[in-house]
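Read through the structure below, which is laid out as structure tokens, and then see the notes.
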Amino acid sequence: MKLTCLSKGEGFHFPPCHMLNFCGLRILLDCPLDLSALTVFSPVPAGFTASRCKGRNNSQTFDSLGLEVGSDKRLKMEKPLDANSLIFAEPWYKSVKNLHLWNWCSIDVILISRPMGILALPFLTRMTGFSAKIYVTEVSARFGQFMMEDLVSMHAELRQFYGPEESNFPSWLRQEALEMLPSELREIILGKDGEELGSWMPLYSAADVKDCMLKVQTLKYAEEACYNGTLVIKALSSGVEFGGCNWILSGPKGNVGYISCSSFNSAHAMNFDFHSLQGTRILIYSDFSSVRITPNVEDDNSSSKPSVNDSLFLGYVEQAECFLNSDENSEEKEKLVFISACAIECVKDGGSVLIPVSQFGTLLQLLEQLIASLESSAMGVPIYIISSVAEELLAFLNIIPEWLCKQRQEKLFAGEPLFVHANLIKQKRLHVVPAIYSHKLLMNWQEPCIVFAPHWSLRLGPVVHLLRRWCGDSKSLLILEDVLNPELALLPFKPIAMRVLQCAFPSGIELPKVQPLLKILQPKIVLFPEDLRSQISFSSANSFTTSYYTEGKTLRVPCQKDNIELKIATDLASQFHWKKLKEGDINISRLKGELFLENAKHHLLLQNEQEDSSKRRPLLHWGSPDMGRLLTALSKLGINATLERVKSNTESQSTCILHVQDPHRALIQVGATSTVITAANENVANLIFEAIDSIMDGI
């Protein structure tokens with residue numbers, strides 16, 4: 001088995017991506033987009049025409065950067081990065097940096113762990129020769145489709161503004177243009193090593209998205225799917241997002257578990273089903289959410305190596321499970337309460353609140369907290385959700401109770417709505433509109449207000465227009481969720497007077513919970529990120545061995561099993577006639593049947609025509625016959641033979657020849673690799689074969 005980490009990702013919006021070779025199959029784990037790279041582009045400028053913006057992409061742009069035009073020498077000092085430094089052009093989109101180096105035609109299976117991991121998939125499915133089978137949970141597929149359709153819709157505004165490209169290769173990607181960009185923007189485009197230029201592609205179309213979804217096979221949690229009879233695939237809830245999952249892959253030589261970003265105690269999605277991962281032989285740990293967290297976690301070596309049958313270990317497991325299932329949402333709840341308080345204070349001052357849409361689950365929780373705060377303050381502030389897919393997405397949330405956490409499901413049984421938005425829409429306190437210029441919004445627009453709108457990169461969608469409207473209002477509030485580079489994201493809107501509140505919500509397994517989790521799962525081998533090696537150390541007393549993988553490098557893992565299980569039909573097994581071998585304590589039987597692979601298991605079925613194996617003479621012998629024993633066996637059968645040893649010039653060993661004169665002439669040649677019987681009489685040949693069979697193992 002081989003694992004190649006193509007990308008470790010970056011936060012919630014850009015999950016990791018791996019290539020796994022298992023059971024002779026090439027498996028791609030997630031196919032995300034790095035939408036944070038959109039910050040190198042300028043949003044639709046206010047008060048500019050497309051022709052003026054195109055002019056800025058030529059020599060005028062180079063002058064504004066403080067660089068010598070027409071010279072290969074870079075000035076020692078760059079001008080400070082400002083809004084004019086950004087790229088004024090229709091954006092391209094950045095996929096996983098190493099994925100373009102692989103032959104997509106050689107990919108057999110693609111597994112999507114959550115909606116964010118599907119956004120780059122249309123880039124692959126539209127390629128000629130693509131034939132991989134794609135597996136994703138039903139909810140992740142639907143949410144991923146919503147996100148891709150919304151992305152295409154938002155991008156259409158930029159395409160309409162800038163018009164068609166003059167060529168298939170934009171001018172900003174040319175070497176001379178890249179060299180004149182500020183170093184911060186150039187690093188985002190090229191990467192630290194300059195290897196990411198090939199990751200940029202023009203966005204797919206709505207037709208590409210539709211064609212992509214037609215090639216997807218959806219799964220429910222714990223539902224098994226078999227690929228090519230060799231690989232059994234099962235999705236397990238991860239708890240971090242609607243439809244998010246981890247994977248178990250089972251093949252003829254064992255199984256592999258894959259843990260992506262997971263949450264033990266979710267307030268919206270079904271909790272992390274870690275029990276189903278118990279007993280997997282190899283476990284790939286791919287939750288990088290703790291990379292930016294610095295505390296070091298030491299392994300607890302106070303107890304001896306655990307045993308599954310050890311009562312002390314079982315007690316440890318119970319304590320560990322209580323620890324894992326402890327409420328990890330207290331920090332998230334505190335942040336939601338604080339954000340709501342800031343929003344209410346802002347509205348009281350006469351300002352509006354702008355919340356770029358990021359995590360769906362967090363958005364719904366924040367909406368519930370805002371409603372509770374508004375009701376307690378006796379305020380009637382309108383709330384808007386502006387998105388081309390918002391209405392359909394919110395309606396979809398009402399029909400997926402089996403994918404939600406236990407608390408949400410209990411609301412359904414109590415006759416309550418799963419989420420608060422259903423009642424708010426009926427009461428006309430929440431207005432859901434497809435676009436900022438829609439008639440419904442223009443007729444109902446009031447300020448101050450609270451608005452949820454895409455996109456969190458601050459380069460696409462309604463959020464750009466609303467941010468331009470309120471950026472000069474010191475009473476208004478912008479709430480950013482875990483933006484990697486807020487300074488660069490807000491650059492086009494400076495000087496900005498509105499208040500900005502940035503917060504990051506936990507979206508993965510906390511470091512102190514990694515050790516207890518692995519001790520409960522009891523894998524044989526754990527593949528762990530090298531980036532987390534300095535933050536958590538494993539003891540040699542653990543029941544598992546640990547190997548560390550690095551981005552861009554291939555990690556080889558030894559073969560899992562030395563043997564393969566075979567299922568034999570009962571009617572075939574009943575016809576076995578066992579023969580004990582002369583050397584070794586082994587019983588062996590010859591049979592005739594059909595061998596095939598199904599659901600990652602080998603099966604042997606009885607053929608229609610079957611002869612009695614007890615009457616069949618051996619077809620295969622192994623080893624070399626002992627000449628003395630062979631002469632004795634022939635003598636007992638009434639055959640007289642003489643031995644002649646012949647040395648060969650080409651062979652290192654001599655050849656033995658037995659000459660048979662009575663009862664009929666025959667010749668037995670015993671070489672290093674074979675024994676040849678030559679006889680004119682069939683009865684004599686059968687007697688000689690019987691003699692050889694009596695002194696050698698055969699079947």
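By order of appearance in the structure tokens: chains A, B, ..., then residues from 1 within every chain, and ligands from 1 in the order shown.
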
Check your understanding: If we count only C-alpha atoms, what is near region 625-630 of chain A at a cut-off of 7 Å, once residues fewer than 6 positions away on the same chain are taken out, given as number ranges by chain?
Key -> A: 691-692, 696

Near Trp470 (chain A), counting only C-alpha atoms, which residues have an atom at most 8 Å away, once you skip same-chain residues fewer than 3 positions from it, shown as a PDB file with C-alpha atoms, in the first residue's frame?
```
ATOM      1  CA  SER A 352     -26.170  46.884   9.861  1.00  0.00           C
ATOM      2  CA  LEU A 466     -22.929  45.171   0.588  1.00  0.00           C
ATOM      3  CA  LEU A 467     -19.400  45.619   1.876  1.00  0.00           C
ATOM      4  CA  ASP A 473     -20.125  53.246   8.129  1.00  0.00           C
ATOM      5  CA  SER A 476     -21.935  48.703  10.876  1.00  0.00           C
ATOM      6  CA  MET A 498     -16.968  49.616   9.778  1.00  0.00           C
TER       7      MET A 498
END
```

Check your understanding: For Arg281 (chain A), which residue among A:Ile248, A:Leu367, A:Leu111, A:Ala414 is the nearest when counting only C-alpha atoms?
Key ->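 Of A:Ile248, A:Leu367, A:Leu111, A:Ala414, the one nearest Arg281 (chain A) is A:Ile248, counting only C-alpha atoms.
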
**Study point:** Shell around Glu481 (chain A) at 8 Å using only C-alpha atoms, local window under 4 positions removed, as a ChimeraX atom specification
**Key:** /A:356,358,456,502-505

Exercise for review: Write down as a list in words the residues belonging to region 416-543 of chain A that are assigned strand (DSSP E or B) by DSSP computed on the backbone.
Suggested key: Leu430, His431, Val432, Val433, Ile450, Val451, Phe452, Ala453, Leu477, Leu478, Ile479, Leu480, Glu481, Arg499, Val500, Leu501, Gln502, Cys503, Ile525, Val526, Leu527, Phe528, Pro529 and Ile536 of chain A

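Here CA of Glu510 (chain A) is placed at a distance of 6.7 Å from CA of Ser290 (chain A).
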
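Compared by their closest atoms to His13 (chain A), and using only C-alpha atoms, the residues A:Leu214, A:Ile233, A:Ile383, A:Val483 rank with A:Val483 nearest.
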
Review point. Excluding same-chain residues fewer than 5 positions from Ile87 (chain A), what lies within 8 Å of it counting only C-alpha atoms, as a VMD selection string?
Key: chain A and resid 40 to 42 57 172

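Taking only C-alpha atoms into account, Ser589 (chain A) lies nearest to A:Asp697 out of the set A:Asp697, A:Glu184, A:Glu196, A:Asp349.
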
Exercise for review: For CA of Ser263 (chain A) and CA of Gly244 (chain A), quote the distance in Å rounded to one decimal.
Suggested key: 10.0 Å

**Study point:** Polymer residues at most 7 Å from Gln278 (chain A), only C-alpha atoms, same-chain spacing of 3 or more positions, as number ranges by chain
**Key:** A: 275, 521-522

Selected residues written out with N, CA and C atoms, as a PDB file, in the first residue's frame:
```pdb
ATOM      1  N   HIS A 275     -16.737   4.281  16.717  1.00  0.00           N
ATOM      2  CA  HIS A 275     -16.781   2.874  17.103  1.00  0.00           C
ATOM      3  C   HIS A 275     -16.669   1.950  15.892  1.00  0.00           C
ATOM      4  N   LEU A 521      -9.552   2.645  19.254  1.00  0.00           N
ATOM      5  CA  LEU A 521      -9.682   2.045  17.924  1.00  0.00           C
ATOM      6  C   LEU A 521      -8.759   0.845  17.741  1.00  0.00           C
ATOM      7  N   GLN A 522      -7.615   0.826  18.409  1.00  0.00           N
ATOM      8  CA  GLN A 522      -6.688  -0.306  18.374  1.00  0.00           C
ATOM      9  C   GLN A 522      -6.274  -0.718  16.956  1.00  0.00           C
TER      10      GLN A 522
END
```

Exercise for review: For Gln407 (chain A), list every protein, DNA or RNA residue within 10 Å, evaluated using only C-alpha atoms, and leave out those in the same chain fewer than 5 positions away; present the list as a ChimeraX atom specification.
Suggested key: /A:266-270,412,418

Keeping N, CA, C and O atoms, export the residues of the selection given above as a short mmCIF file (atom, residue, chain, number, x, y, z; two decimals), in the first residue's frame.
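Result saved to out-v2.cif:
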```
data_model
loop_
_atom_site.label_atom_id
_atom_site.label_comp_id
_atom_site.auth_asym_id
_atom_site.auth_seq_id
_atom_site.Cartn_x
_atom_site.Cartn_y
_atom_site.Cartn_z
N SER A 266 -21.36 17.14 17.84
CA SER A 266 -21.82 18.21 16.96
C SER A 266 -23.17 18.74 17.40
O SER A 266 -24.01 18.01 17.94
N ALA A 267 -23.39 20.01 17.15
CA ALA A 267 -24.67 20.63 17.50
C ALA A 267 -25.64 20.63 16.32
O ALA A 267 -26.76 21.12 16.44
N HIS A 268 -25.22 20.07 15.18
CA HIS A 268 -26.12 20.03 14.03
C HIS A 268 -26.03 18.71 13.26
O HIS A 268 -27.04 18.12 12.94
N ALA A 269 -24.82 18.25 12.96
CA ALA A 269 -24.67 17.03 12.17
C ALA A 269 -24.58 15.80 13.07
O ALA A 269 -24.35 15.90 14.28
N MET A 270 -24.80 14.63 12.49
CA MET A 270 -24.67 13.38 13.24
C MET A 270 -23.26 13.26 13.78
O MET A 270 -22.28 13.55 13.10
N LEU A 412 -37.77 16.77 16.01
CA LEU A 412 -38.72 16.24 15.03
C LEU A 412 -39.78 15.39 15.71
O LEU A 412 -40.98 15.51 15.43
N LEU A 418 -36.94 21.33 12.68
CA LEU A 418 -35.54 20.96 12.89
C LEU A 418 -34.66 22.18 13.11
O LEU A 418 -33.74 22.16 13.94
#
```

Check your understanding: For His602 (chain A), which of A:Gly229, A:Pro486, A:Pro448, A:Gly552 is the closest residue, counting only C-alpha atoms?
Key ->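 Counting only C-alpha atoms, the residue closest to His602 (chain A) is A:Gly229.
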
Practice item. From the DSSP assignment of the backbone, select every residue of region 57-279 of chain A that is alpha helix (DSSP H), and format the answer as a ChimeraX atom specification. Key: /A:59-64,121-125,138-162,175-179,183-190,206-214

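Rounded to one decimal, CA of Ile525 (chain A) and CA of Val136 (chain A) lie 25.7 Å from each other.
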
Review point. Counting only C-alpha atoms, which of A:Lys348, A:Arg408, A:Leu441, A:Leu397 gets nearest to Val381 (chain A)?
Key: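 Answer, going by the shortest atom-to-atom distance: A:Lys348.
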
Point to revise | Minimum-distance residue to Cys449 (chain A), chosen among A:Val209, A:Ala343, A:Leu667, A:Leu634 (using only C-alpha atoms) | key: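 Comparing A:Val209, A:Ala343, A:Leu667, A:Leu634 against Cys449 (chain A), the winner is A:Ala343.
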